[in-house]
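J.: I am sharing start32.cif, which consists of mmCIF, C-alpha atoms and all ligand atoms:
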data_my_file
loop_
_atom_site.label_atom_id
_atom_site.label_comp_id
_atom_site.auth_asym_id
_atom_site.auth_seq_id
_atom_site.Cartn_x
_atom_site.Cartn_y
_atom_site.Cartn_z
CA MET Y 1 -3.35 -6.07 96.52
CA SER Y 2 -3.37 -9.58 97.98
CA THR Y 3 -1.10 -12.35 96.73
CA ASP Y 4 -4.09 -14.10 95.17
CA GLU Y 5 -5.09 -10.98 93.30
CA SER Y 6 -1.60 -10.49 91.91
CA VAL Y 7 -1.49 -14.13 90.81
CA ASN Y 8 -4.88 -13.79 89.13
CA GLU Y 9 -3.88 -10.56 87.51
CA SER Y 10 -0.66 -12.02 86.07
CA ALA Y 11 -2.60 -15.07 84.82
CA ASN Y 12 -5.16 -12.86 83.13
CA VAL Y 13 -2.49 -10.72 81.54
CA SER Y 14 -0.98 -13.89 80.10
CA ILE Y 15 -4.27 -15.12 78.64
CA GLY Y 16 -4.23 -14.55 74.92
CA VAL Y 17 -0.48 -15.21 74.64
CA SER Y 18 0.07 -18.15 72.33
CA ALA Y 19 1.68 -21.18 73.93
CA GLU Y 20 2.68 -24.62 72.69
CA VAL Y 21 0.75 -27.54 74.07
CA THR Y 22 0.44 -31.22 73.26
CA VAL Y 23 -2.65 -33.34 73.87
CA LEU Y 24 -2.28 -37.13 74.05
CA GLY Y 25 -5.59 -38.96 73.72
CA LEU Y 26 -8.42 -37.71 71.54
CA GLY Y 27 -11.45 -39.45 72.97
CA ALA Y 28 -14.53 -37.37 73.69
CA MET Y 29 -12.75 -35.41 76.42
CA GLY Y 30 -9.26 -35.23 74.88
CA ALA Y 31 -10.71 -33.91 71.60
CA ALA Y 32 -12.61 -31.23 73.53
CA LEU Y 33 -9.43 -30.25 75.40
CA ALA Y 34 -7.41 -30.03 72.20
CA GLY Y 35 -10.20 -28.07 70.49
CA ALA Y 36 -10.24 -25.55 73.34
CA PHE Y 37 -6.47 -25.04 73.07
CA VAL Y 38 -6.81 -24.54 69.31
CA ASP Y 39 -9.66 -22.07 69.82
CA ALA Y 40 -7.54 -20.15 72.33
CA GLY Y 41 -4.84 -19.73 69.66
CA HIS Y 42 -2.28 -22.12 71.13
CA ARG Y 43 -0.06 -24.18 68.84
CA THR Y 44 -1.63 -27.55 69.61
CA THR Y 45 0.02 -30.86 68.74
CA VAL Y 46 -2.21 -33.90 69.04
CA TRP Y 47 -1.74 -37.65 69.08
CA ASN Y 48 -4.16 -40.54 69.45
CA ARG Y 49 -3.62 -44.31 69.35
CA THR Y 50 -6.29 -44.59 66.64
CA ARG Y 51 -4.91 -42.03 64.24
CA GLY Y 52 -8.10 -41.06 62.40
CA LYS Y 53 -9.36 -39.25 65.50
CA ALA Y 54 -6.79 -36.50 64.90
CA ASP Y 55 -8.21 -35.57 61.47
CA ALA Y 56 -10.99 -33.24 62.61
CA LEU Y 57 -8.59 -31.37 64.90
CA ALA Y 58 -5.96 -31.13 62.18
CA ALA Y 59 -8.63 -29.54 59.97
CA ARG Y 60 -9.12 -26.91 62.69
CA GLY Y 61 -5.40 -26.13 62.84
CA ALA Y 62 -3.90 -28.67 65.23
CA VAL Y 63 -0.69 -30.47 64.29
CA ALA Y 64 -1.17 -34.25 64.13
CA ALA Y 65 1.99 -36.01 65.34
CA ALA Y 66 3.00 -39.37 63.90
CA SER Y 67 3.90 -40.81 67.29
CA ALA Y 68 3.44 -40.09 70.99
CA ALA Y 69 7.18 -39.38 71.24
CA GLU Y 70 6.99 -36.81 68.45
CA ALA Y 71 3.96 -35.21 70.11
CA VAL Y 72 5.68 -34.99 73.51
CA THR Y 73 8.78 -33.31 72.13
CA ALA Y 74 6.70 -30.67 70.33
CA SER Y 75 5.66 -28.74 73.47
CA PRO Y 76 6.79 -27.84 77.00
CA LEU Y 77 3.28 -28.67 78.26
CA VAL Y 78 1.88 -32.16 77.64
CA VAL Y 79 -1.74 -32.90 78.55
CA ILE Y 80 -2.84 -36.53 78.62
CA CYS Y 81 -6.45 -37.71 78.85
CA LEU Y 82 -7.05 -41.41 78.33
CA SER Y 83 -9.66 -43.81 79.61
CA SER Y 84 -7.45 -45.14 82.43
CA TYR Y 85 -4.10 -44.82 84.19
CA GLY Y 86 -3.14 -48.16 82.65
CA GLY Y 87 -3.25 -46.49 79.25
CA VAL Y 88 -1.31 -43.49 80.57
CA HIS Y 89 1.45 -45.80 81.78
CA GLU Y 90 1.55 -47.58 78.43
CA VAL Y 91 1.85 -44.32 76.50
CA VAL Y 92 4.22 -42.22 78.64
CA GLY Y 93 6.08 -45.03 80.41
CA PRO Y 94 8.57 -45.43 77.53
CA LEU Y 95 8.88 -41.63 77.09
CA ALA Y 96 10.63 -40.64 80.33
CA GLY Y 97 13.58 -39.21 78.40
CA GLU Y 98 11.37 -37.12 76.12
CA LEU Y 99 9.33 -35.80 79.06
CA ALA Y 100 12.36 -34.63 81.06
CA GLY Y 101 12.21 -30.85 81.49
CA ARG Y 102 8.55 -30.68 80.39
CA THR Y 103 5.34 -30.66 82.41
CA LEU Y 104 2.89 -33.55 82.19
CA VAL Y 105 -0.70 -32.69 83.09
CA ASN Y 106 -2.72 -35.86 83.57
CA LEU Y 107 -6.47 -35.35 83.21
CA THR Y 108 -7.26 -39.06 83.21
CA SER Y 109 -9.65 -40.13 85.97
CA GLY Y 110 -8.01 -42.26 88.61
CA SER Y 111 -7.41 -42.81 92.28
CA PRO Y 112 -5.24 -40.88 94.76
CA VAL Y 113 -2.75 -43.75 94.83
CA HIS Y 114 -2.43 -43.72 91.04
CA ALA Y 115 -1.86 -39.96 91.14
CA ARG Y 116 0.92 -40.22 93.73
CA GLU Y 117 2.63 -43.09 91.92
CA THR Y 118 2.61 -41.22 88.65
CA ALA Y 119 4.01 -38.14 90.40
CA VAL Y 120 6.90 -40.21 91.79
CA TRP Y 121 7.59 -41.59 88.31
CA ALA Y 122 7.46 -38.08 86.80
CA GLU Y 123 9.88 -36.77 89.42
CA ARG Y 124 12.29 -39.59 88.65
CA SER Y 125 11.94 -38.68 84.99
CA ARG Y 126 12.68 -35.03 85.86
CA ALA Y 127 9.31 -33.95 84.49
CA GLY Y 128 6.94 -31.54 86.21
CA TYR Y 129 3.63 -33.22 87.08
CA LEU Y 130 0.09 -32.06 87.72
CA ASP Y 131 -2.80 -34.39 88.28
CA GLY Y 132 -6.06 -32.79 87.24
CA VAL Y 133 -9.79 -33.27 87.11
CA ILE Y 134 -12.19 -31.82 84.58
CA MET Y 135 -15.33 -30.83 86.44
CA THR Y 136 -17.56 -30.86 83.39
CA THR Y 137 -18.51 -32.87 80.32
CA PRO Y 138 -16.77 -32.30 76.94
CA SER Y 139 -19.28 -29.63 75.84
CA GLY Y 140 -18.38 -27.55 78.93
CA VAL Y 141 -14.63 -27.51 78.19
CA GLY Y 142 -13.47 -23.99 77.41
CA ASP Y 143 -16.20 -22.38 79.50
CA ARG Y 144 -14.68 -20.37 82.36
CA GLY Y 145 -17.82 -21.06 84.39
CA PHE Y 146 -16.59 -24.62 84.99
CA LEU Y 147 -13.79 -25.58 87.34
CA GLN Y 148 -10.72 -27.58 86.44
CA LEU Y 149 -8.88 -28.85 89.52
CA TYR Y 150 -5.11 -29.36 89.55
CA ALA Y 151 -2.88 -30.82 92.25
CA GLY Y 152 0.89 -31.13 92.34
CA SER Y 153 3.79 -28.78 91.82
CA PRO Y 154 2.67 -25.18 92.48
CA THR Y 155 5.55 -24.02 90.29
CA ALA Y 156 4.40 -26.11 87.33
CA PHE Y 157 0.84 -24.89 87.88
CA GLU Y 158 1.81 -21.23 87.87
CA GLU Y 159 4.04 -21.73 84.84
CA HIS Y 160 1.18 -23.17 82.77
CA ARG Y 161 -1.85 -21.63 84.43
CA ALA Y 162 -2.57 -19.18 81.63
CA THR Y 163 -2.46 -21.93 78.99
CA LEU Y 164 -4.65 -24.24 81.07
CA ALA Y 165 -7.15 -21.39 81.43
CA ALA Y 166 -8.22 -22.20 77.86
CA LEU Y 167 -9.98 -25.26 79.31
CA GLY Y 168 -11.97 -23.55 82.08
CA GLU Y 169 -11.24 -21.95 85.44
CA PRO Y 170 -7.99 -23.53 86.67
CA LEU Y 171 -7.85 -24.06 90.43
CA HIS Y 172 -4.82 -25.43 92.26
CA VAL Y 173 -6.03 -27.50 95.23
CA GLY Y 174 -2.70 -28.47 96.78
CA ALA Y 175 0.81 -29.81 96.30
CA ASP Y 176 -0.17 -33.43 97.05
CA THR Y 177 -1.08 -34.86 93.65
CA ALA Y 178 -3.77 -37.04 95.27
CA LEU Y 179 -5.87 -34.01 96.09
CA SER Y 180 -7.52 -33.42 92.72
CA SER Y 181 -8.94 -36.94 92.77
CA VAL Y 182 -10.02 -36.61 96.42
CA TYR Y 183 -11.75 -33.29 95.66
CA ASP Y 184 -13.39 -34.84 92.60
CA THR Y 185 -14.92 -37.67 94.62
CA ALA Y 186 -16.05 -35.33 97.40
CA LEU Y 187 -17.59 -32.83 94.97
CA LEU Y 188 -19.41 -35.55 93.03
CA GLY Y 189 -20.75 -36.82 96.37
CA LEU Y 190 -21.98 -33.32 97.16
CA MET Y 191 -23.64 -33.12 93.74
CA TRP Y 192 -25.41 -36.46 94.15
CA SER Y 193 -26.60 -35.69 97.69
CA THR Y 194 -27.88 -32.31 96.59
CA LEU Y 195 -29.57 -33.59 93.44
CA THR Y 196 -31.15 -36.51 95.29
CA GLY Y 197 -32.37 -34.20 98.05
CA TRP Y 198 -33.82 -31.91 95.40
CA LEU Y 199 -35.52 -34.86 93.62
CA HIS Y 200 -37.10 -35.99 96.87
CA THR Y 201 -38.50 -32.55 97.50
CA VAL Y 202 -39.71 -32.21 93.90
CA ALA Y 203 -41.62 -35.47 94.41
CA LEU Y 204 -42.94 -34.26 97.75
CA ILE Y 205 -44.16 -30.89 96.58
CA GLY Y 206 -45.60 -32.32 93.39
CA ALA Y 207 -47.54 -35.10 95.10
CA ASP Y 208 -51.30 -35.03 95.40
CA GLY Y 209 -52.64 -33.82 98.71
CA PRO Y 210 -52.33 -30.65 100.76
CA GLY Y 211 -49.63 -28.41 99.35
CA GLY Y 212 -49.17 -30.69 96.34
CA ASN Y 213 -49.38 -30.32 92.59
CA VAL Y 214 -46.58 -27.75 92.39
CA SER Y 215 -44.58 -28.24 89.18
CA ALA Y 216 -40.87 -29.02 89.35
CA THR Y 217 -40.18 -25.81 87.43
CA ALA Y 218 -42.18 -23.58 89.76
CA TYR Y 219 -40.67 -25.20 92.83
CA THR Y 220 -37.13 -25.00 91.51
CA GLU Y 221 -37.40 -21.22 91.03
CA VAL Y 222 -37.83 -20.98 94.80
CA ALA Y 223 -35.43 -23.82 95.65
CA ASP Y 224 -32.68 -22.13 93.64
CA ARG Y 225 -32.96 -19.03 95.81
CA TRP Y 226 -33.03 -21.20 98.95
CA MET Y 227 -29.65 -22.64 97.93
CA GLN Y 228 -28.14 -19.24 98.78
CA THR Y 229 -29.20 -19.82 102.38
CA VAL Y 230 -27.81 -23.36 102.27
CA ARG Y 231 -24.48 -21.95 101.03
CA PHE Y 232 -24.56 -19.41 103.88
CA PHE Y 233 -24.90 -22.26 106.40
CA MET Y 234 -22.06 -24.23 104.80
CA ARG Y 235 -19.73 -21.25 105.05
CA ALA Y 236 -20.77 -20.55 108.65
CA TYR Y 237 -20.39 -24.19 109.72
CA ALA Y 238 -17.06 -24.97 108.01
CA PRO Y 239 -14.95 -23.03 110.57
CA GLN Y 240 -16.97 -24.62 113.38
CA ILE Y 241 -16.04 -28.07 112.09
CA ASP Y 242 -12.40 -27.04 111.75
CA SER Y 243 -12.35 -25.75 115.34
CA GLY Y 244 -14.52 -28.52 116.84
CA HIS Y 245 -16.88 -25.96 118.46
CA TYR Y 246 -20.52 -25.78 117.37
CA PRO Y 247 -22.31 -22.72 118.76
CA SER Y 248 -25.91 -22.83 117.51
CA GLY Y 249 -26.86 -19.19 117.16
CA GLU Y 250 -30.60 -18.99 116.55
CA PHE Y 251 -30.98 -22.40 114.94
CA PRO Y 252 -30.09 -25.20 117.39
CA LEU Y 253 -30.14 -28.86 116.48
CA GLU Y 254 -33.33 -29.54 118.45
CA LEU Y 255 -35.23 -27.16 116.14
CA HIS Y 256 -33.88 -28.96 113.09
CA ARG Y 257 -34.81 -32.26 114.70
CA MET Y 258 -38.46 -31.26 115.23
CA THR Y 259 -38.86 -30.13 111.61
CA MET Y 260 -37.30 -33.37 110.37
CA ASP Y 261 -40.23 -35.24 111.92
CA VAL Y 262 -42.56 -33.19 109.73
CA LEU Y 263 -40.56 -34.09 106.61
CA VAL Y 264 -40.46 -37.82 107.36
CA HIS Y 265 -44.20 -37.80 108.08
CA ALA Y 266 -44.99 -35.84 104.87
CA CYS Y 267 -42.96 -38.29 102.77
CA ARG Y 268 -44.65 -41.32 104.25
CA LEU Y 269 -48.09 -39.77 103.86
CA ARG Y 270 -47.51 -39.24 100.15
CA GLY Y 271 -45.82 -42.58 99.49
CA ILE Y 272 -42.44 -40.98 98.83
CA ASP Y 273 -39.17 -42.66 99.77
CA SER Y 274 -38.41 -41.29 103.23
CA ARG Y 275 -35.01 -42.93 103.71
CA THR Y 276 -32.86 -39.84 103.15
CA ALA Y 277 -35.01 -37.86 105.60
CA GLU Y 278 -34.75 -40.73 108.09
CA LEU Y 279 -30.97 -40.79 107.63
CA PHE Y 280 -30.43 -37.22 108.74
CA ARG Y 281 -33.12 -37.53 111.42
CA ASP Y 282 -31.22 -40.53 112.78
CA LEU Y 283 -27.98 -38.53 112.87
CA ALA Y 284 -29.76 -35.71 114.70
CA ASP Y 285 -31.38 -38.18 117.12
CA ARG Y 286 -27.99 -39.56 118.09
CA ALA Y 287 -26.52 -36.09 118.60
CA VAL Y 288 -29.51 -34.93 120.67
CA ALA Y 289 -29.40 -38.13 122.75
CA ALA Y 290 -25.74 -37.45 123.46
CA GLY Y 291 -26.64 -34.01 124.85
CA HIS Y 292 -25.99 -31.81 121.81
CA ALA Y 293 -29.53 -30.46 121.29
CA GLY Y 294 -28.31 -26.91 121.79
CA ASP Y 295 -25.46 -27.13 119.29
CA SER Y 296 -25.51 -26.12 115.65
CA TYR Y 297 -26.21 -28.52 112.78
CA ALA Y 298 -22.46 -28.78 112.21
CA ARG Y 299 -22.24 -31.06 115.28
CA LEU Y 300 -23.59 -33.85 113.05
CA ILE Y 301 -20.17 -34.13 111.41
CA GLU Y 302 -19.16 -36.24 114.39
CA TYR Y 303 -21.91 -38.74 113.56
CA VAL Y 304 -21.24 -38.74 109.84
CA ARG Y 305 -17.57 -39.58 110.33
CA ALA Y 306 -16.50 -43.20 110.33
CA ASP Y 307 -17.72 -45.07 113.41
CA GLY Y 308 -19.29 -41.85 114.70
CA ARG Y 309 -15.99 -41.15 116.42
CA PRO Y 310 -15.22 -37.45 116.89
CA ASP Y 311 -11.74 -37.74 115.33
CA GLY Y 312 -13.18 -39.43 112.24
CA ARG Y 313 -10.57 -42.20 112.25
CA ALA Y 314 -11.88 -45.62 111.36
CA GLU Y 315 -9.72 -48.58 112.22
CA GLY Y 316 -7.68 -49.76 109.30
CA ARG Y 317 -8.43 -46.62 107.30
CA LEU Y 318 -6.14 -46.39 104.33
CA ASP Y 319 -4.10 -43.36 103.48
CA GLY Y 320 -5.56 -43.50 99.98
CA HIS Y 321 -9.07 -43.97 101.36
CA MET Y 322 -10.80 -43.10 98.08
CA GLU Y 323 -8.69 -45.63 96.20
CA GLY Y 324 -10.44 -47.73 93.60
CA ARG Y 325 -12.87 -44.97 92.72
CA LEU Y 326 -13.10 -45.57 89.01
CA ASP Y 327 -11.28 -48.78 88.33
CA GLY Y 328 -13.52 -50.73 90.66
CA ARG Y 329 -10.69 -51.61 93.02
CA THR Y 330 -11.39 -51.03 96.68
CA ASP Y 331 -8.47 -52.71 98.40
CA GLY Y 332 -6.18 -49.66 98.42
CA ARG Y 333 -3.42 -51.51 96.59
CA PRO Y 334 -1.44 -49.27 94.30
CA GLY Y 335 -1.49 -49.98 90.59
CA ALA Y 336 1.67 -50.40 88.60
CA ALA Y 337 3.72 -47.28 88.07
CA PRO Y 338 4.80 -46.44 84.57
CA ALA Y 339 7.66 -48.57 83.37
N1 LIG G 1 -16.34 -37.71 78.85
C1 LIG G 1 -16.72 -37.19 80.01
O1 LIG G 1 -17.75 -36.56 80.12
C2 LIG G 1 -15.90 -37.38 81.27
C3 LIG G 1 -15.94 -36.16 82.18
C4 LIG G 1 -15.18 -36.41 83.46
C5 LIG G 1 -13.80 -36.96 83.20
N2 LIG G 1 -13.79 -38.03 82.23
C6 LIG G 1 -12.52 -38.73 82.14
O2 LIG G 1 -11.74 -38.35 81.02
C7 LIG G 1 -10.98 -39.46 80.57
C8 LIG G 1 -11.20 -39.66 79.09
O3 LIG G 1 -12.58 -39.80 78.85
P1 LIG G 1 -13.17 -39.79 77.39
O4 LIG G 1 -14.60 -39.44 77.52
O5 LIG G 1 -12.35 -38.96 76.49
O6 LIG G 1 -13.03 -41.34 77.00
P2 LIG G 1 -13.13 -42.01 75.56
O7 LIG G 1 -13.96 -41.19 74.64
O8 LIG G 1 -13.55 -43.40 75.82
O9 LIG G 1 -11.63 -41.99 75.01
C9 LIG G 1 -10.63 -42.76 75.61
C10 LIG G 1 -9.29 -42.36 75.03
O10 LIG G 1 -8.26 -43.15 75.68
C11 LIG G 1 -7.47 -43.74 74.64
N3 LIG G 1 -6.85 -44.94 75.16
C12 LIG G 1 -7.39 -45.86 75.97
N4 LIG G 1 -6.50 -46.80 76.27
C13 LIG G 1 -5.35 -46.49 75.64
C14 LIG G 1 -4.06 -47.08 75.57
N5 LIG G 1 -3.76 -48.23 76.22
N6 LIG G 1 -3.12 -46.46 74.82
C15 LIG G 1 -3.40 -45.33 74.15
N7 LIG G 1 -4.60 -44.71 74.18
C16 LIG G 1 -5.57 -45.28 74.92
C17 LIG G 1 -8.43 -43.96 73.51
O11 LIG G 1 -7.70 -44.17 72.31
P3 LIG G 1 -8.40 -44.88 71.04
O12 LIG G 1 -9.28 -45.97 71.56
O13 LIG G 1 -9.18 -43.81 70.35
O14 LIG G 1 -7.28 -45.37 70.23
C18 LIG G 1 -9.19 -42.63 73.54
O15 LIG G 1 -8.44 -41.61 72.95
C19 LIG G 1 -11.43 -40.67 81.38
O16 LIG G 1 -10.48 -40.91 82.39
C20 LIG G 1 -12.74 -40.21 81.96
O17 LIG G 1 -13.04 -40.84 83.17
C21 LIG G 1 -14.48 -37.78 80.98
#
Could you spell out this file's structure in structure tokens?
Ligand code: FVH

T.:
Amino acid sequence: MSTDESVNESANVSIGVSAEVTVLGLGAMGAALAGAFVDAGHRTTVWNRTRGKADALAARGAVAAASAAEAVTASPLVVICLSSYGGVHEVVGPLAGELAGRTLVNLTSGSPVHARETAVWAERSRAGYLDGVIMTTPSGVGDRGFLQLYAGSPTAFEEHRATLAALGEPLHVGADTALSSVYDTALLGLMWSTLTGWLHTVALIGADGPGGNVSATAYTEVADRWMQTVRFFMRAYAPQIDSGHYPSGEFPLELHRMTMDVLVHACRLRGIDSRTAELFRDLADRAVAAGHAGDSYARLIEYVRADGRPDGRAEGRLDGHMEGRLDGRTDGRPGAAPA
């Protein structure tokens, strides 16, 4: 049995064991989180700034605390989900003493810099800290088909993994607390690229003309199966990118490049926005012009990276390069740490 299997097995064995958990913040997402803990049979203490929002959960069996301090001291595991890190700092900043010896799981959306600052504050407060991301909407909370990403102390994660499993499939992405936010941004980018690519092809295949008039539903039945092939390529190309070697196998870049011409032409012919097709054709053009026609598609990573430089390092790149993701700030300056 591998280490991963034994970890999974112990987590599964623990599922169903009642734990004590506190949820601070009962907005749309916080209420869903608290509801999932209640449904899983955990003793769930809840607190919200606007107190009335705790009523529905109390009716389902949650304990409504009179203050954030009372809520924090009720459980070894404290989950917070507010609209911003500013709110998190306001709520837990004065509660360093109460949080000592407990684990704070912060599921509030924020930047990598915010995550690291809050981790430093938690360490000073002698609290365990995990920064997490909920990869679904409130109605998906509690469904094991959806991922929840956590970054930070592996020990804290393993200690509370079984309880967190009430929310979805818990995945630890690394000890650096910035990583959950970085993964979140990257995965959302992947979703938008994929959905936009799909929309373009739905428009293309549904347009009047030769090969047109296919419904989105009929096309998507086929496209869904094609995604298995796309996943196969991603898995084959990832180690190539990590090693910096791009053997083409049977599908060299020049073949991709020729077919891209067909796509750009078909889009233009049908009056469909051809900019995404032109974007990847441009990347391929540059790679082919530089002598990489015989390499695999993965070679394009070098043209996607900042400045098209093979090492991907743009001048002046910030350590927290995805800073400002949700609070609109793009200057990389850290926000204020909790008081
Ligand atoms: N809802 C979703 O689909 C997304 C899915 C992806 C991740 N997000 C993030 O989750 C965080 C919370 O989102 P939410 O949908 O629960 O947000 P709201 O319904 O607007 O509730 C906000 C709660 O935050 C409380 N709050 C705000 N500021 C403060 C503060 N200074 N002190 C104390 N509490 C504060 C607010 O309290 P109240 O207004 O009811 O008194 C709500 O409980 C968010 O980061 C999303 O990006 C959700």

J.: By how many Å are atom CA of Y:Ala207 and atom CA of Y:Arg270 apart?

T.: 6.5 Å

J.: Compare Y:Gly101, Y:Gly93, Y:Ala36, Y:Thr136 by their minimum atom-to-atom distance to ligand LIG 1 (chain G), counting all atoms listed in the file, and give me the closest one.

T.: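 Nearest to ligand LIG 1 (chain G): Y:Thr136.
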
J.: Against ligand LIG 1 (chain G), which residues of chain Y fall within 9 Å? For each one I want the closest pair of atoms and the distance in Å (one decimal), counting all atoms listed in the file, rows by chain and increasing residue number, as CSV.

T.:
residue,atom,partner,partner_atom,distance
Y:Leu24,CA,G:LIG1,O15,7.7
Y:Gly25,CA,G:LIG1,O15,4.0
Y:Leu26,CA,G:LIG1,O15,4.1
Y:Gly27,CA,G:LIG1,O9,3.3
Y:Ala28,CA,G:LIG1,O5,3.9
Y:Met29,CA,G:LIG1,O5,3.6
Y:Gly30,CA,G:LIG1,O5,5.1
Y:Ala31,CA,G:LIG1,O5,7.2
Y:Ala32,CA,G:LIG1,O5,8.3
Y:Trp47,CA,G:LIG1,O15,8.7
Y:Asn48,CA,G:LIG1,O15,5.6
Y:Arg49,CA,G:LIG1,O14,3.9
Y:Thr50,CA,G:LIG1,O14,3.8
Y:Arg51,CA,G:LIG1,O14,7.3
Y:Gly52,CA,G:LIG1,O13,8.5
Y:Lys53,CA,G:LIG1,O13,6.7
Y:Ile80,CA,G:LIG1,C7,8.9
Y:Cys81,CA,G:LIG1,C8,5.1
Y:Leu82,CA,G:LIG1,O10,3.4
Y:Ser83,CA,G:LIG1,C19,4.0
Y:Ser84,CA,G:LIG1,O16,5.2
Y:Tyr85,CA,G:LIG1,O16,7.7
Y:Gly86,CA,G:LIG1,N5,6.5
Y:Gly87,CA,G:LIG1,N5,3.5
Y:Val88,CA,G:LIG1,N6,6.7
Y:His89,CA,G:LIG1,N5,8.0
Y:Glu90,CA,G:LIG1,N5,5.8
Y:Val91,CA,G:LIG1,N6,5.7
Y:Leu107,CA,G:LIG1,O2,6.4
Y:Thr108,CA,G:LIG1,O16,3.8
Y:Ser109,CA,G:LIG1,O16,3.8
Y:Gly110,CA,G:LIG1,O16,6.8
Y:Val133,CA,G:LIG1,C5,6.7
Y:Ile134,CA,G:LIG1,C5,5.6
Y:Met135,CA,G:LIG1,C4,6.3
Y:Thr136,CA,G:LIG1,C3,5.7
Y:Thr137,CA,G:LIG1,O1,3.8
Y:Pro138,CA,G:LIG1,O1,5.4
Y:Ser139,CA,G:LIG1,O1,8.3
Y:Leu326,CA,G:LIG1,O17,7.5

J.: Save out the residues we just selected, C-alpha atoms, as a compact mmCIF listing (two decimals), keeping the file's coordinate frame.

T.:
# COMPACT_ATOMS: atom_id res chain seq x y z
CA LEU Y 24 -2.28 -37.13 74.05
CA GLY Y 25 -5.59 -38.96 73.72
CA LEU Y 26 -8.42 -37.71 71.54
CA GLY Y 27 -11.45 -39.45 72.97
CA ALA Y 28 -14.53 -37.37 73.69
CA MET Y 29 -12.75 -35.41 76.42
CA GLY Y 30 -9.26 -35.23 74.88
CA ALA Y 31 -10.71 -33.91 71.60
CA ALA Y 32 -12.61 -31.23 73.53
CA TRP Y 47 -1.74 -37.65 69.08
CA ASN Y 48 -4.16 -40.54 69.45
CA ARG Y 49 -3.62 -44.31 69.35
CA THR Y 50 -6.29 -44.59 66.64
CA ARG Y 51 -4.91 -42.03 64.24
CA GLY Y 52 -8.10 -41.06 62.40
CA LYS Y 53 -9.36 -39.25 65.50
CA ILE Y 80 -2.84 -36.53 78.62
CA CYS Y 81 -6.45 -37.71 78.85
CA LEU Y 82 -7.05 -41.41 78.33
CA SER Y 83 -9.66 -43.81 79.61
CA SER Y 84 -7.45 -45.14 82.43
CA TYR Y 85 -4.10 -44.82 84.19
CA GLY Y 86 -3.14 -48.16 82.65
CA GLY Y 87 -3.25 -46.49 79.25
CA VAL Y 88 -1.31 -43.49 80.57
CA HIS Y 89 1.45 -45.80 81.78
CA GLU Y 90 1.55 -47.58 78.43
CA VAL Y 91 1.85 -44.32 76.50
CA LEU Y 107 -6.47 -35.35 83.21
CA THR Y 108 -7.26 -39.06 83.21
CA SER Y 109 -9.65 -40.13 85.97
CA GLY Y 110 -8.01 -42.26 88.61
CA VAL Y 133 -9.79 -33.27 87.11
CA ILE Y 134 -12.19 -31.82 84.58
CA MET Y 135 -15.33 -30.83 86.44
CA THR Y 136 -17.56 -30.86 83.39
CA THR Y 137 -18.51 -32.87 80.32
CA PRO Y 138 -16.77 -32.30 76.94
CA SER Y 139 -19.28 -29.63 75.84
CA LEU Y 326 -13.10 -45.57 89.01

J.: Pull the closest atom pair for each residue of stretch 179-229 of chain Y that gets at most 12 Å from stretch 260-265 of chain Y, along with the distance in Å to one decimal, counting all atoms listed in the file, ordering rows by chain and then ascending residue number, as a tab-separated table.

T.:
residue	atom	partner	partner_atom	distance
Y:Gly197	CA	Y:Leu263	CA	11.8
Y:His200	CA	Y:Leu263	CA	10.5
Y:Thr201	CA	Y:Leu263	CA	9.5
Y:Leu204	CA	Y:Leu263	CA	9.2
Y:Ile205	CA	Y:Leu263	CA	11.1

J.: Please measure the separation of atom CA of Y:Ser18 and atom CA of Y:Ala59, giving the value in Å to one decimal.

T.: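 About the pair atom CA of Y:Ser18 and atom CA of Y:Ala59: they are 18.9 Å apart.
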
J.: Y:Asp131, Y:Glu158, Y:Glu123, Y:Glu70: which is nearest Y:Thr177, counting only C-alpha atoms?

T.: Y:Asp131

J.: Hey, can you check how far atom CA of Y:Pro94 sits from atom CA of Y:Pro76?

T.: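 Going from atom CA of Y:Pro94 over to atom CA of Y:Pro76 covers 17.7 Å.
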
J.: Which residue is closest to Y:Thr73? Choose from Y:Glu278, Y:Glu221, Y:Glu98, Y:Asp176 and count all atoms listed in the file.

T.: Y:Glu98

J.: Taking 5 positions as the minimum chain separation for residues in the same chain, which residues sit within 9 Å of Y:Gly174 when counting all atoms listed in the file? Answer as a list in words.

T.: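 Surrounding residues, per the criterion: Tyr150, Ala151, Gly152, Ser153, Pro154, Leu179 and Ser180 of chain Y.
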
J.: For Y:Ala284, which residue among Y:Ala96, Y:Tyr303, Y:Ile272, Y:Tyr219 is the nearest when counting only C-alpha atoms?

T.: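 Of Y:Ala96, Y:Tyr303, Y:Ile272, Y:Tyr219, the one nearest Y:Ala284, counting only C-alpha atoms, is Y:Tyr303.
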
J.: Contacts of Y:Val17 at 10 Å or less, counting all atoms listed in the file, minus same-chain residues fewer than 5 places along, as number ranges by chain?

T.: Y: 12, 40-42, 162-163

J.: May I have the residues from that selection written out with C-alpha atoms, as a PDB file, in the coordinates of the input?

T.:
ATOM      1  CA  ASN Y  12      -5.160 -12.860  83.130  1.00  0.00           C
ATOM      2  CA  ALA Y  40      -7.540 -20.150  72.330  1.00  0.00           C
ATOM      3  CA  GLY Y  41      -4.840 -19.730  69.660  1.00  0.00           C
ATOM      4  CA  HIS Y  42      -2.280 -22.120  71.130  1.00  0.00           C
ATOM      5  CA  ALA Y 162      -2.570 -19.180  81.630  1.00  0.00           C
ATOM      6  CA  THR Y 163      -2.460 -21.930  78.990  1.00  0.00           C
TER       7      THR Y 163
END

J.: Calculated over all atoms listed in the file, which of the candidates Y:Ala175, Y:Leu104, Y:Ala298, Y:Val21 has the smallest distance to Y:Ser243?

T.: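 Smallest distance to Y:Ser243 is found for Y:Ala298.
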